[in-house]
Amino acid sequence: MRWNIDPVLFKFGFLQVRWYGLFFATGILLGARAITRVFEDRHLKKEDAERLTIWLVIGMILGAHFIHLAFYEPESFVDNPRRIIEIGVGLASHGGALGAILALFLFCRRYRLDFFRHADASIVAALWVAPWVRIGNFFNSEIVGRPTDVPWGIIFERRGFTTPRHPSQLYEALAGFALLAFAVWLNAKYRDRLRAGATLFLLLLVYFIIRFSLEFFKAYEAIDPSSPLTMGQYLSLPFLLLCVTALFISKRFRLWPLLDAPP
């Protein structure tokens with residue numbers, strides 16, 4: 001299959017609407033809708049969910065942008081400092097997760113709220129964003145996979161490729177929807193039984209296991225192909241270590257015994 005779609009959906013004068021922006025906005029709007037419902041399910045204040053949404057979106061975008069620059073375009077800080085203020089160009093999902101968590105921490109400090117209770121609710125809603133962003137990456141013909149001979153391989157003509165590659169963006173999108181379904185199920189069945197913070201670390205653990213695994217299908221970026229791991233995998237390792245420590249070693253969050261209360 002050949003893929004050469006224009007990343008610009010339509011133009012109106014100087015205004016451009018891009019496919020990536022459309023899908024990104026879709027994920028944010030669905031997440032914003034979901035966060036209020038999840039907060040109510042967990043007996044948290046609806047008004048806090050509405051205020052927190054803005055904090056999370058800003059934190060996610062800023063974190064994704066600056067982590068992208070730091071690890072994928074470090075030369076930009078010296079050679080092209082204008083990139084620092086080009087917020088919408090270049091986003092790293094690891095930075096998005098880190099930025100959202102930091103924004104949540106600051107929000108909870110500002111309003112004197114329990115961080116882990118609100119983090120458990122927020123991550124269920126935040127997972128709506130991930131798969132839609134990857135669909136946006138596919139329409140941008142970016143973050144492509146490695147060369148392949150599988151029947152569903154795609155030739156990304158806009159990138160100048162002439163041989164099929166793994167549609168790694170779609171792999172991550174499908175995995176993202178599966179993780180979202182798991183998060184919704186977890187919230188419905190165990191929200192009142194898991195310790196505060198366990199939902200956060202469990203969902204992050206599953207996400208970064210998926211992310212680490214799917215990186216083996218992705219082309220190398222910002223790192224030499226001779227490296228045993230990609231940049232995305234190196235960035236995933238600290239998250240994986242933190243989550244494993246929290247869930248299987250820390251007495252406060254650990255999953256064994258899995259539940260505090262009987263069903």
# chains A, B, ... in the order shown; residues from 1 in each chain; ligands from 1
$ closest_atom_pairs --of "region 153-189 of chain A" --to "region 204-216 of chain A" --cutoff "12 Å" --atoms "only C-alpha atoms" --output "Markdown table"
| residue | atom | partner | partner_atom | distance |
| --- | --- | --- | --- | --- |
| A:His166 | CA | A:Phe216 | CA | 10.3 |
| A:Pro167 | CA | A:Leu214 | CA | 10.8 |
| A:Ser168 | CA | A:Leu214 | CA | 7.3 |
| A:Gln169 | CA | A:Leu214 | CA | 9.5 |
| A:Leu170 | CA | A:Leu214 | CA | 10.6 |
| A:Tyr171 | CA | A:Leu214 | CA | 7.4 |
| A:Glu172 | CA | A:Leu214 | CA | 7.1 |
| A:Ala173 | CA | A:Arg211 | CA | 10.7 |
| A:Leu174 | CA | A:Ile210 | CA | 10.8 |
| A:Ala175 | CA | A:Ile210 | CA | 7.3 |
| A:Gly176 | CA | A:Tyr207 | CA | 7.9 |
| A:Phe177 | CA | A:Tyr207 | CA | 11.0 |
| A:Ala178 | CA | A:Tyr207 | CA | 10.2 |
| A:Leu179 | CA | A:Tyr207 | CA | 7.2 |
| A:Leu180 | CA | A:Tyr207 | CA | 9.7 |
| A:Phe182 | CA | A:Val206 | CA | 9.9 |
| A:Ala183 | CA | A:Val206 | CA | 10.1 |
$ write_last_selection --atoms "N, CA and C atoms" --output "mmCIF file, in the first residue's frame"
data_model
loop_
_atom_site.group_PDB
_atom_site.id
_atom_site.type_symbol
_atom_site.label_atom_id
_atom_site.label_comp_id
_atom_site.auth_asym_id
_atom_site.auth_seq_id
_atom_site.Cartn_x
_atom_site.Cartn_y
_atom_site.Cartn_z
ATOM 1 N N HIS A 166 6.866 -0.940 8.301
ATOM 2 C CA HIS A 166 5.832 -1.214 9.295
ATOM 3 C C HIS A 166 5.039 0.066 9.579
ATOM 4 N N PRO A 167 3.694 0.006 9.578
ATOM 5 C CA PRO A 167 2.896 1.164 10.008
ATOM 6 C C PRO A 167 2.879 1.223 11.536
ATOM 7 N N SER A 168 4.031 1.544 12.111
ATOM 8 C CA SER A 168 4.187 1.491 13.564
ATOM 9 C C SER A 168 3.237 2.447 14.277
ATOM 10 N N GLN A 169 2.848 3.520 13.591
ATOM 11 C CA GLN A 169 1.892 4.448 14.203
ATOM 12 C C GLN A 169 0.555 3.753 14.464
ATOM 13 N N LEU A 170 0.136 2.926 13.505
ATOM 14 C CA LEU A 170 -1.137 2.222 13.664
ATOM 15 C C LEU A 170 -1.031 1.117 14.707
ATOM 16 N N TYR A 171 0.143 0.490 14.809
ATOM 17 C CA TYR A 171 0.337 -0.500 15.875
ATOM 18 C C TYR A 171 0.114 0.162 17.232
ATOM 19 N N GLU A 172 0.712 1.342 17.405
ATOM 20 C CA GLU A 172 0.588 2.044 18.688
ATOM 21 C C GLU A 172 -0.834 2.558 18.905
ATOM 22 N N ALA A 173 -1.495 2.957 17.832
ATOM 23 C CA ALA A 173 -2.878 3.417 17.970
ATOM 24 C C ALA A 173 -3.781 2.277 18.443
ATOM 25 N N LEU A 174 -3.640 1.111 17.823
ATOM 26 C CA LEU A 174 -4.451 -0.047 18.222
ATOM 27 C C LEU A 174 -4.138 -0.459 19.657
ATOM 28 N N ALA A 175 -2.855 -0.459 20.007
ATOM 29 C CA ALA A 175 -2.474 -0.787 21.379
ATOM 30 C C ALA A 175 -3.024 0.255 22.351
ATOM 31 N N GLY A 176 -3.060 1.518 21.914
ATOM 32 C CA GLY A 176 -3.589 2.577 22.760
ATOM 33 C C GLY A 176 -5.075 2.407 23.040
ATOM 34 N N PHE A 177 -5.839 2.014 22.022
ATOM 35 C CA PHE A 177 -7.271 1.778 22.233
ATOM 36 C C PHE A 177 -7.493 0.569 23.136
ATOM 37 N N ALA A 178 -6.646 -0.456 22.990
ATOM 38 C CA ALA A 178 -6.760 -1.631 23.862
ATOM 39 C C ALA A 178 -6.456 -1.256 25.307
ATOM 40 N N LEU A 179 -5.417 -0.446 25.511
ATOM 41 C CA LEU A 179 -5.078 -0.010 26.870
ATOM 42 C C LEU A 179 -6.189 0.864 27.447
ATOM 43 N N LEU A 180 -6.796 1.691 26.613
ATOM 44 C CA LEU A 180 -7.905 2.523 27.075
ATOM 45 C C LEU A 180 -9.073 1.655 27.532
ATOM 46 N N PHE A 182 -8.868 -1.355 28.683
ATOM 47 C CA PHE A 182 -8.444 -1.953 29.954
ATOM 48 C C PHE A 182 -8.599 -0.943 31.092
ATOM 49 N N ALA A 183 -8.245 0.313 30.842
ATOM 50 C CA ALA A 183 -8.349 1.343 31.870
ATOM 51 C C ALA A 183 -9.797 1.584 32.277
#
$ closest_atom_pairs --of "region 99-151 of chain A" --to "region 52-68 of chain A" --cutoff "10 Å" --atoms "only C-alpha atoms" --output "JSON lines"
{"residue": "A:Gly99", "atom": "CA", "partner": "A:Gly63", "partner_atom": "CA", "distance": 4.1}
{"residue": "A:Ala100", "atom": "CA", "partner": "A:Met60", "partner_atom": "CA", "distance": 4.6}
{"residue": "A:Ile101", "atom": "CA", "partner": "A:Leu56", "partner_atom": "CA", "distance": 7.8}
{"residue": "A:Leu102", "atom": "CA", "partner": "A:Gly59", "partner_atom": "CA", "distance": 7.0}
{"residue": "A:Ala103", "atom": "CA", "partner": "A:Gly59", "partner_atom": "CA", "distance": 5.2}
{"residue": "A:Leu104", "atom": "CA", "partner": "A:Leu56", "partner_atom": "CA", "distance": 6.5}
{"residue": "A:Leu106", "atom": "CA", "partner": "A:Trp55", "partner_atom": "CA", "distance": 8.9}
{"residue": "A:Phe107", "atom": "CA", "partner": "A:Leu52", "partner_atom": "CA", "distance": 6.9}
{"residue": "A:Cys108", "atom": "CA", "partner": "A:Leu52", "partner_atom": "CA", "distance": 9.1}
{"residue": "A:His118", "atom": "CA", "partner": "A:Leu52", "partner_atom": "CA", "distance": 9.6}
{"residue": "A:Ser122", "atom": "CA", "partner": "A:Leu56", "partner_atom": "CA", "distance": 8.8}
{"residue": "A:Ala125", "atom": "CA", "partner": "A:Thr53", "partner_atom": "CA", "distance": 9.7}
{"residue": "A:Ala126", "atom": "CA", "partner": "A:Leu56", "partner_atom": "CA", "distance": 8.5}
$ write_last_selection --atoms "N, CA and C atoms" --output "PDB file, in the first residue's frame"
ATOM      1  N   GLY A  99       5.050  15.794  31.723  1.00  0.00           N
ATOM      2  CA  GLY A  99       4.470  17.120  31.884  1.00  0.00           C
ATOM      3  C   GLY A  99       3.097  17.087  32.516  1.00  0.00           C
ATOM      4  N   ALA A 100       2.283  16.100  32.132  1.00  0.00           N
ATOM      5  CA  ALA A 100       0.944  15.968  32.711  1.00  0.00           C
ATOM      6  C   ALA A 100       1.032  15.621  34.202  1.00  0.00           C
ATOM      7  N   ILE A 101       1.961  14.738  34.562  1.00  0.00           N
ATOM      8  CA  ILE A 101       2.121  14.362  35.968  1.00  0.00           C
ATOM      9  C   ILE A 101       2.591  15.554  36.792  1.00  0.00           C
ATOM     10  N   LEU A 102       3.522  16.324  36.253  1.00  0.00           N
ATOM     11  CA  LEU A 102       4.002  17.515  36.958  1.00  0.00           C
ATOM     12  C   LEU A 102       2.885  18.535  37.120  1.00  0.00           C
ATOM     13  N   ALA A 103       2.092  18.731  36.060  1.00  0.00           N
ATOM     14  CA  ALA A 103       0.975  19.670  36.141  1.00  0.00           C
ATOM     15  C   ALA A 103      -0.033  19.229  37.199  1.00  0.00           C
ATOM     16  N   LEU A 104      -0.301  17.932  37.264  1.00  0.00           N
ATOM     17  CA  LEU A 104      -1.214  17.399  38.266  1.00  0.00           C
ATOM     18  C   LEU A 104      -0.665  17.622  39.670  1.00  0.00           C
ATOM     19  N   LEU A 106       1.395  19.992  40.676  1.00  0.00           N
ATOM     20  CA  LEU A 106       1.283  21.407  41.010  1.00  0.00           C
ATOM     21  C   LEU A 106      -0.166  21.797  41.301  1.00  0.00           C
ATOM     22  N   PHE A 107      -1.094  21.221  40.537  1.00  0.00           N
ATOM     23  CA  PHE A 107      -2.515  21.497  40.760  1.00  0.00           C
ATOM     24  C   PHE A 107      -2.937  21.028  42.148  1.00  0.00           C
ATOM     25  N   CYS A 108      -2.528  19.829  42.511  1.00  0.00           N
ATOM     26  CA  CYS A 108      -2.902  19.291  43.830  1.00  0.00           C
ATOM     27  C   CYS A 108      -2.260  20.092  44.959  1.00  0.00           C
ATOM     28  N   HIS A 118      -6.249  11.720  42.795  1.00  0.00           N
ATOM     29  CA  HIS A 118      -6.575  12.460  41.579  1.00  0.00           C
ATOM     30  C   HIS A 118      -5.779  11.946  40.376  1.00  0.00           C
ATOM     31  N   SER A 122      -7.226  10.771  36.818  1.00  0.00           N
ATOM     32  CA  SER A 122      -6.777  11.536  35.652  1.00  0.00           C
ATOM     33  C   SER A 122      -6.185  10.663  34.565  1.00  0.00           C
ATOM     34  N   ALA A 125      -8.643   9.101  32.105  1.00  0.00           N
ATOM     35  CA  ALA A 125      -9.114  10.038  31.092  1.00  0.00           C
ATOM     36  C   ALA A 125      -8.006  10.419  30.111  1.00  0.00           C
ATOM     37  N   ALA A 126      -6.777  10.575  30.617  1.00  0.00           N
ATOM     38  CA  ALA A 126      -5.664  11.014  29.775  1.00  0.00           C
ATOM     39  C   ALA A 126      -5.335  10.000  28.686  1.00  0.00           C
TER      40      ALA A 126
END
$ closest_atom_pairs --of "region 101-144 of chain A" --to "region 218-231 of chain A" --cutoff "12 Å" --atoms "only C-alpha atoms" --output "JSON lines"
{"residue": "A:Glu142", "atom": "CA", "partner": "A:Ala219", "partner_atom": "CA", "distance": 10.1}
{"residue": "A:Ile143", "atom": "CA", "partner": "A:Lys218", "partner_atom": "CA", "distance": 7.1}
{"residue": "A:Val144", "atom": "CA", "partner": "A:Lys218", "partner_atom": "CA", "distance": 6.1}
$ write_last_selection --atoms "C-alpha atoms" --output "mmCIF file, in the first residue's frame"
data_model
loop_
_atom_site.group_PDB
_atom_site.id
_atom_site.type_symbol
_atom_site.label_atom_id
_atom_site.label_comp_id
_atom_site.auth_asym_id
_atom_site.auth_seq_id
_atom_site.Cartn_x
_atom_site.Cartn_y
_atom_site.Cartn_z
ATOM 1 C CA GLU A 142 6.041 10.559 10.625
ATOM 2 C CA ILE A 143 7.489 8.171 13.230
ATOM 3 C CA VAL A 144 7.511 5.473 10.566
#
$ closest_residue --among "A:Ala188, A:Leu235, A:Leu22, A:Ile249" --to "Ala92 (chain A)" --atoms "only C-alpha atoms"
A:Leu235
$ residues_around --residues "Arg254 (chain A)" --least-positions-apart "5" --cutoff "12 Å" --atoms "only C-alpha atoms" --output "compact mmCIF listing (two decimals) with N, CA and C atoms, in the first residue's frame"
# COMPACT_ATOMS: atom_id res chain seq x y z
N LEU A 194 -8.52 -0.86 44.69
CA LEU A 194 -7.08 -0.67 44.57
C LEU A 194 -6.62 0.47 45.47
N ARG A 195 -5.44 0.33 46.00
CA ARG A 195 -4.86 1.40 46.82
C ARG A 195 -4.68 2.66 45.99
N ALA A 196 -4.76 3.81 46.62
CA ALA A 196 -4.53 5.07 45.92
C ALA A 196 -3.14 5.08 45.33
N GLY A 197 -3.06 5.35 44.04
CA GLY A 197 -1.79 5.37 43.34
C GLY A 197 -1.54 4.12 42.52
N ALA A 198 -2.17 3.00 42.89
CA ALA A 198 -1.93 1.74 42.18
C ALA A 198 -2.43 1.80 40.74
N THR A 199 -3.57 2.43 40.52
CA THR A 199 -4.09 2.55 39.15
C THR A 199 -3.14 3.35 38.28
N LEU A 200 -2.61 4.43 38.81
CA LEU A 200 -1.65 5.26 38.08
C LEU A 200 -0.45 4.43 37.65
N PHE A 201 0.19 3.77 38.60
CA PHE A 201 1.41 3.03 38.28
C PHE A 201 1.14 1.80 37.42
N LEU A 202 0.00 1.15 37.61
CA LEU A 202 -0.32 -0.02 36.80
C LEU A 202 -0.54 0.35 35.34
N LEU A 242 10.45 2.81 37.74
CA LEU A 242 9.65 3.46 38.77
C LEU A 242 8.37 2.69 39.03
N CYS A 243 7.68 2.27 37.97
CA CYS A 243 6.40 1.58 38.13
C CYS A 243 6.57 0.20 38.76
N VAL A 244 7.60 -0.52 38.35
CA VAL A 244 7.86 -1.84 38.93
C VAL A 244 8.19 -1.70 40.40
N THR A 245 9.00 -0.70 40.75
CA THR A 245 9.34 -0.47 42.15
C THR A 245 8.10 -0.15 42.98
N ALA A 246 7.24 0.72 42.44
CA ALA A 246 6.05 1.12 43.17
C ALA A 246 5.08 -0.04 43.37
N LEU A 247 4.90 -0.86 42.34
CA LEU A 247 3.87 -1.89 42.38
C LEU A 247 4.31 -3.18 43.06
N PHE A 248 5.60 -3.46 43.04
CA PHE A 248 6.05 -4.76 43.55
C PHE A 248 7.01 -4.67 44.74
N ILE A 249 7.43 -3.45 45.08
CA ILE A 249 8.35 -3.30 46.20
C ILE A 249 7.77 -2.37 47.27
N LEU A 259 -5.64 -6.30 46.49
CA LEU A 259 -6.73 -5.42 46.86
C LEU A 259 -6.79 -5.20 48.36
N ASP A 260 -7.22 -4.03 48.73
CA ASP A 260 -7.38 -3.69 50.14
C ASP A 260 -8.67 -4.26 50.72
$ closest_residue --among "A:Arg51, A:Tyr20, A:Leu29, A:Ile155" --to "Tyr111 (chain A)" --atoms "only C-alpha atoms"
A:Arg51
$ closest_residue --among "A:Asn4, A:Thr26, A:Gln16, A:Ser76" --to "Gly136 (chain A)" --atoms "only C-alpha atoms"
A:Thr26
$ atom_distance --atom1 "CA of Ser141 (chain A)" --atom2 "CA of Pro238 (chain A)"
28.4 Å
$ select_by_dssp --residues "region 30-217 of chain A" --states "helix (DSSP H, G or I)" --output "PDB file with C-alpha atoms, in the first residue's frame"
ATOM      1  CA  LEU A  30     -12.756  12.957  24.543  1.00  0.00           C
ATOM      2  CA  GLY A  31     -10.388  12.968  27.509  1.00  0.00           C
ATOM      3  CA  ALA A  32     -11.905  16.184  28.844  1.00  0.00           C
ATOM      4  CA  ARG A  33     -15.348  14.636  28.593  1.00  0.00           C
ATOM      5  CA  ALA A  34     -14.208  11.451  30.297  1.00  0.00           C
ATOM      6  CA  ILE A  35     -12.366  13.081  33.200  1.00  0.00           C
ATOM      7  CA  THR A  36     -15.542  14.550  34.687  1.00  0.00           C
ATOM      8  CA  ARG A  37     -17.266  11.169  34.626  1.00  0.00           C
ATOM      9  CA  VAL A  38     -14.267   9.383  36.134  1.00  0.00           C
ATOM     10  CA  PHE A  39     -13.984  11.974  38.899  1.00  0.00           C
ATOM     11  CA  GLU A  40     -17.646  11.513  39.759  1.00  0.00           C
ATOM     12  CA  ASP A  41     -17.206   7.716  39.751  1.00  0.00           C
ATOM     13  CA  LYS A  46     -16.567  17.736  39.277  1.00  0.00           C
ATOM     14  CA  GLU A  47     -15.307  21.328  39.432  1.00  0.00           C
ATOM     15  CA  ASP A  48     -11.793  20.053  40.175  1.00  0.00           C
ATOM     16  CA  ALA A  49     -11.955  17.897  37.047  1.00  0.00           C
ATOM     17  CA  GLU A  50     -12.937  20.893  34.940  1.00  0.00           C
ATOM     18  CA  ARG A  51     -10.140  23.080  36.319  1.00  0.00           C
ATOM     19  CA  LEU A  52      -7.571  20.309  36.141  1.00  0.00           C
ATOM     20  CA  THR A  53      -8.226  19.619  32.455  1.00  0.00           C
ATOM     21  CA  ILE A  54      -6.588  22.900  31.425  1.00  0.00           C
ATOM     22  CA  TRP A  55      -3.576  22.226  33.638  1.00  0.00           C
ATOM     23  CA  LEU A  56      -3.129  18.732  32.189  1.00  0.00           C
ATOM     24  CA  VAL A  57      -3.369  19.875  28.567  1.00  0.00           C
ATOM     25  CA  ILE A  58      -0.833  22.669  29.089  1.00  0.00           C
ATOM     26  CA  GLY A  59       1.518  20.401  31.045  1.00  0.00           C
ATOM     27  CA  MET A  60       1.251  17.629  28.464  1.00  0.00           C
ATOM     28  CA  ILE A  61       1.993  19.894  25.492  1.00  0.00           C
ATOM     29  CA  LEU A  62       4.875  21.756  27.155  1.00  0.00           C
ATOM     30  CA  GLY A  63       6.402  18.570  28.522  1.00  0.00           C
ATOM     31  CA  ALA A  64       6.098  16.792  25.179  1.00  0.00           C
ATOM     32  CA  HIS A  65       7.690  19.732  23.366  1.00  0.00           C
ATOM     33  CA  PHE A  66      10.674  20.308  25.645  1.00  0.00           C
ATOM     34  CA  ILE A  67      11.507  16.625  26.108  1.00  0.00           C
ATOM     35  CA  HIS A  68      11.396  16.256  22.319  1.00  0.00           C
ATOM     36  CA  LEU A  69      13.866  19.114  21.953  1.00  0.00           C
ATOM     37  CA  ALA A  70      16.120  17.822  24.726  1.00  0.00           C
ATOM     38  CA  PHE A  71      16.432  14.277  23.382  1.00  0.00           C
ATOM     39  CA  TYR A  72      15.576  14.432  19.675  1.00  0.00           C
ATOM     40  CA  SER A  76      18.150  23.350  18.399  1.00  0.00           C
ATOM     41  CA  PHE A  77      18.854  25.121  21.687  1.00  0.00           C
ATOM     42  CA  VAL A  78      22.021  26.568  20.110  1.00  0.00           C
ATOM     43  CA  ASP A  79      21.567  26.369  16.342  1.00  0.00           C
ATOM     44  CA  PRO A  81      16.556  28.756  19.390  1.00  0.00           C
ATOM     45  CA  ARG A  82      13.336  29.682  17.629  1.00  0.00           C
ATOM     46  CA  ARG A  83      12.353  26.020  18.057  1.00  0.00           C
ATOM     47  CA  ILE A  84      11.942  26.682  21.766  1.00  0.00           C
ATOM     48  CA  ILE A  85       8.788  28.705  21.127  1.00  0.00           C
ATOM     49  CA  SER A  93       5.000  11.133  24.363  1.00  0.00           C
ATOM     50  CA  HIS A  94       7.399  10.536  27.267  1.00  0.00           C
ATOM     51  CA  GLY A  95       7.526  14.272  27.845  1.00  0.00           C
ATOM     52  CA  GLY A  96       3.760  14.472  27.563  1.00  0.00           C
ATOM     53  CA  ALA A  97       3.372  11.937  30.369  1.00  0.00           C
ATOM     54  CA  LEU A  98       5.970  13.687  32.512  1.00  0.00           C
ATOM     55  CA  GLY A  99       4.470  17.120  31.884  1.00  0.00           C
ATOM     56  CA  ALA A 100       0.944  15.968  32.711  1.00  0.00           C
ATOM     57  CA  ILE A 101       2.121  14.362  35.968  1.00  0.00           C
ATOM     58  CA  LEU A 102       4.002  17.515  36.958  1.00  0.00           C
ATOM     59  CA  ALA A 103       0.975  19.670  36.141  1.00  0.00           C
ATOM     60  CA  LEU A 104      -1.214  17.399  38.266  1.00  0.00           C
ATOM     61  CA  PHE A 105       1.260  17.597  41.148  1.00  0.00           C
ATOM     62  CA  LEU A 106       1.283  21.407  41.010  1.00  0.00           C
ATOM     63  CA  PHE A 107      -2.515  21.497  40.760  1.00  0.00           C
ATOM     64  CA  CYS A 108      -2.902  19.291  43.830  1.00  0.00           C
ATOM     65  CA  ARG A 109      -0.405  21.432  45.743  1.00  0.00           C
ATOM     66  CA  ARG A 110      -2.254  24.586  44.694  1.00  0.00           C
ATOM     67  CA  TYR A 111      -5.672  23.338  45.834  1.00  0.00           C
ATOM     68  CA  PHE A 115      -2.231  13.667  44.527  1.00  0.00           C
ATOM     69  CA  PHE A 116      -2.567   9.904  44.082  1.00  0.00           C
ATOM     70  CA  ARG A 117      -6.371   9.810  44.272  1.00  0.00           C
ATOM     71  CA  HIS A 118      -6.575  12.460  41.579  1.00  0.00           C
ATOM     72  CA  ALA A 119      -3.797  10.849  39.540  1.00  0.00           C
ATOM     73  CA  ASP A 120      -5.684   7.536  39.448  1.00  0.00           C
ATOM     74  CA  ALA A 121      -8.717   9.297  38.011  1.00  0.00           C
ATOM     75  CA  SER A 122      -6.777  11.536  35.652  1.00  0.00           C
ATOM     76  CA  ILE A 123      -4.781   8.817  33.918  1.00  0.00           C
ATOM     77  CA  VAL A 124      -7.927   6.933  32.929  1.00  0.00           C
ATOM     78  CA  ALA A 125      -9.114  10.038  31.092  1.00  0.00           C
ATOM     79  CA  ALA A 126      -5.664  11.014  29.775  1.00  0.00           C
ATOM     80  CA  VAL A 129      -5.228  11.155  23.904  1.00  0.00           C
ATOM     81  CA  ALA A 130      -2.542   8.568  23.089  1.00  0.00           C
ATOM     82  CA  PRO A 131      -4.185   6.540  20.271  1.00  0.00           C
ATOM     83  CA  TRP A 132      -5.521   9.619  18.487  1.00  0.00           C
ATOM     84  CA  VAL A 133      -2.076  11.218  18.481  1.00  0.00           C
ATOM     85  CA  ARG A 134      -0.650   8.124  16.777  1.00  0.00           C
ATOM     86  CA  ILE A 135      -3.338   8.276  14.099  1.00  0.00           C
ATOM     87  CA  GLY A 136      -2.259  11.887  13.597  1.00  0.00           C
ATOM     88  CA  ASN A 137       1.342  10.719  13.233  1.00  0.00           C
ATOM     89  CA  PHE A 138       0.192   8.292  10.530  1.00  0.00           C
ATOM     90  CA  PHE A 139      -1.510  11.065   8.574  1.00  0.00           C
ATOM     91  CA  GLU A 157       5.901   8.257  -0.336  1.00  0.00           C
ATOM     92  CA  ARG A 158       5.777  11.668   1.316  1.00  0.00           C
ATOM     93  CA  ARG A 159       8.919  10.716   3.228  1.00  0.00           C
ATOM     94  CA  SER A 168       4.187   1.491  13.564  1.00  0.00           C
ATOM     95  CA  GLN A 169       1.892   4.448  14.203  1.00  0.00           C
ATOM     96  CA  LEU A 170      -1.137   2.222  13.664  1.00  0.00           C
ATOM     97  CA  TYR A 171       0.337  -0.500  15.875  1.00  0.00           C
ATOM     98  CA  GLU A 172       0.588   2.044  18.688  1.00  0.00           C
ATOM     99  CA  ALA A 173      -2.878   3.417  17.970  1.00  0.00           C
ATOM    100  CA  LEU A 174      -4.451  -0.047  18.222  1.00  0.00           C
ATOM    101  CA  ALA A 175      -2.474  -0.787  21.379  1.00  0.00           C
ATOM    102  CA  GLY A 176      -3.589   2.577  22.760  1.00  0.00           C
ATOM    103  CA  PHE A 177      -7.271   1.778  22.233  1.00  0.00           C
ATOM    104  CA  ALA A 178      -6.760  -1.631  23.862  1.00  0.00           C
ATOM    105  CA  LEU A 179      -5.078  -0.010  26.870  1.00  0.00           C
ATOM    106  CA  LEU A 180      -7.905   2.523  27.075  1.00  0.00           C
ATOM    107  CA  ALA A 181     -10.451  -0.312  27.166  1.00  0.00           C
ATOM    108  CA  PHE A 182      -8.444  -1.953  29.954  1.00  0.00           C
ATOM    109  CA  ALA A 183      -8.349   1.343  31.870  1.00  0.00           C
ATOM    110  CA  VAL A 184     -12.116   1.802  31.588  1.00  0.00           C
ATOM    111  CA  TRP A 185     -12.651  -1.787  32.790  1.00  0.00           C
ATOM    112  CA  LEU A 186     -10.193  -1.323  35.657  1.00  0.00           C
ATOM    113  CA  ASN A 187     -11.900   1.881  36.735  1.00  0.00           C
ATOM    114  CA  ALA A 188     -15.352   0.280  36.619  1.00  0.00           C
ATOM    115  CA  LYS A 189     -14.417  -2.897  38.484  1.00  0.00           C
ATOM    116  CA  TYR A 190     -11.616  -1.977  40.883  1.00  0.00           C
ATOM    117  CA  ALA A 198      -1.933   1.745  42.179  1.00  0.00           C
ATOM    118  CA  THR A 199      -4.093   2.548  39.153  1.00  0.00           C
ATOM    119  CA  LEU A 200      -1.648   5.258  38.076  1.00  0.00           C
ATOM    120  CA  PHE A 201       1.412   3.031  38.279  1.00  0.00           C
ATOM    121  CA  LEU A 202      -0.324  -0.017  36.805  1.00  0.00           C
ATOM    122  CA  LEU A 203      -1.564   1.821  33.718  1.00  0.00           C
ATOM    123  CA  LEU A 204       1.781   3.566  33.252  1.00  0.00           C
ATOM    124  CA  LEU A 205       3.538   0.212  33.551  1.00  0.00           C
ATOM    125  CA  VAL A 206       1.350  -1.400  30.884  1.00  0.00           C
ATOM    126  CA  TYR A 207       1.677   1.642  28.613  1.00  0.00           C
ATOM    127  CA  PHE A 208       5.463   1.706  28.748  1.00  0.00           C
ATOM    128  CA  ILE A 209       5.750  -2.075  28.326  1.00  0.00           C
ATOM    129  CA  ILE A 210       3.698  -1.681  25.139  1.00  0.00           C
ATOM    130  CA  ARG A 211       5.711   1.340  24.083  1.00  0.00           C
ATOM    131  CA  PHE A 212       9.034  -0.429  24.706  1.00  0.00           C
ATOM    132  CA  SER A 213       7.907  -3.524  22.774  1.00  0.00           C
ATOM    133  CA  LEU A 214       6.561  -1.667  19.743  1.00  0.00           C
ATOM    134  CA  GLU A 215       9.754   0.377  19.429  1.00  0.00           C
ATOM    135  CA  PHE A 216      11.360  -2.708  17.869  1.00  0.00           C
ATOM    136  CA  PHE A 217       9.201  -2.035  14.794  1.00  0.00           C
TER     137      PHE A 217
END
$ atom_distance --atom1 "CA of Arg165 (chain A)" --atom2 "CA of Asp149 (chain A)"
7.7 Å
$ decode --residues "region 38-51 of chain A" --atoms "C-alpha atoms" --output "PDB file, in the first residue's frame"
ATOM      1  CA  VAL A  38     -14.267   9.383  36.134  1.00  0.00           C
ATOM      2  CA  PHE A  39     -13.984  11.974  38.899  1.00  0.00           C
ATOM      3  CA  GLU A  40     -17.646  11.513  39.759  1.00  0.00           C
ATOM      4  CA  ASP A  41     -17.206   7.716  39.751  1.00  0.00           C
ATOM      5  CA  ARG A  42     -14.394   8.114  42.253  1.00  0.00           C
ATOM      6  CA  HIS A  43     -16.303  10.587  44.448  1.00  0.00           C
ATOM      7  CA  LEU A  44     -14.065  13.509  43.512  1.00  0.00           C
ATOM      8  CA  LYS A  45     -15.318  17.008  42.788  1.00  0.00           C
ATOM      9  CA  LYS A  46     -16.567  17.736  39.277  1.00  0.00           C
ATOM     10  CA  GLU A  47     -15.307  21.328  39.432  1.00  0.00           C
ATOM     11  CA  ASP A  48     -11.793  20.053  40.175  1.00  0.00           C
ATOM     12  CA  ALA A  49     -11.955  17.897  37.047  1.00  0.00           C
ATOM     13  CA  GLU A  50     -12.937  20.893  34.940  1.00  0.00           C
ATOM     14  CA  ARG A  51     -10.140  23.080  36.319  1.00  0.00           C
TER      15      ARG A  51
END
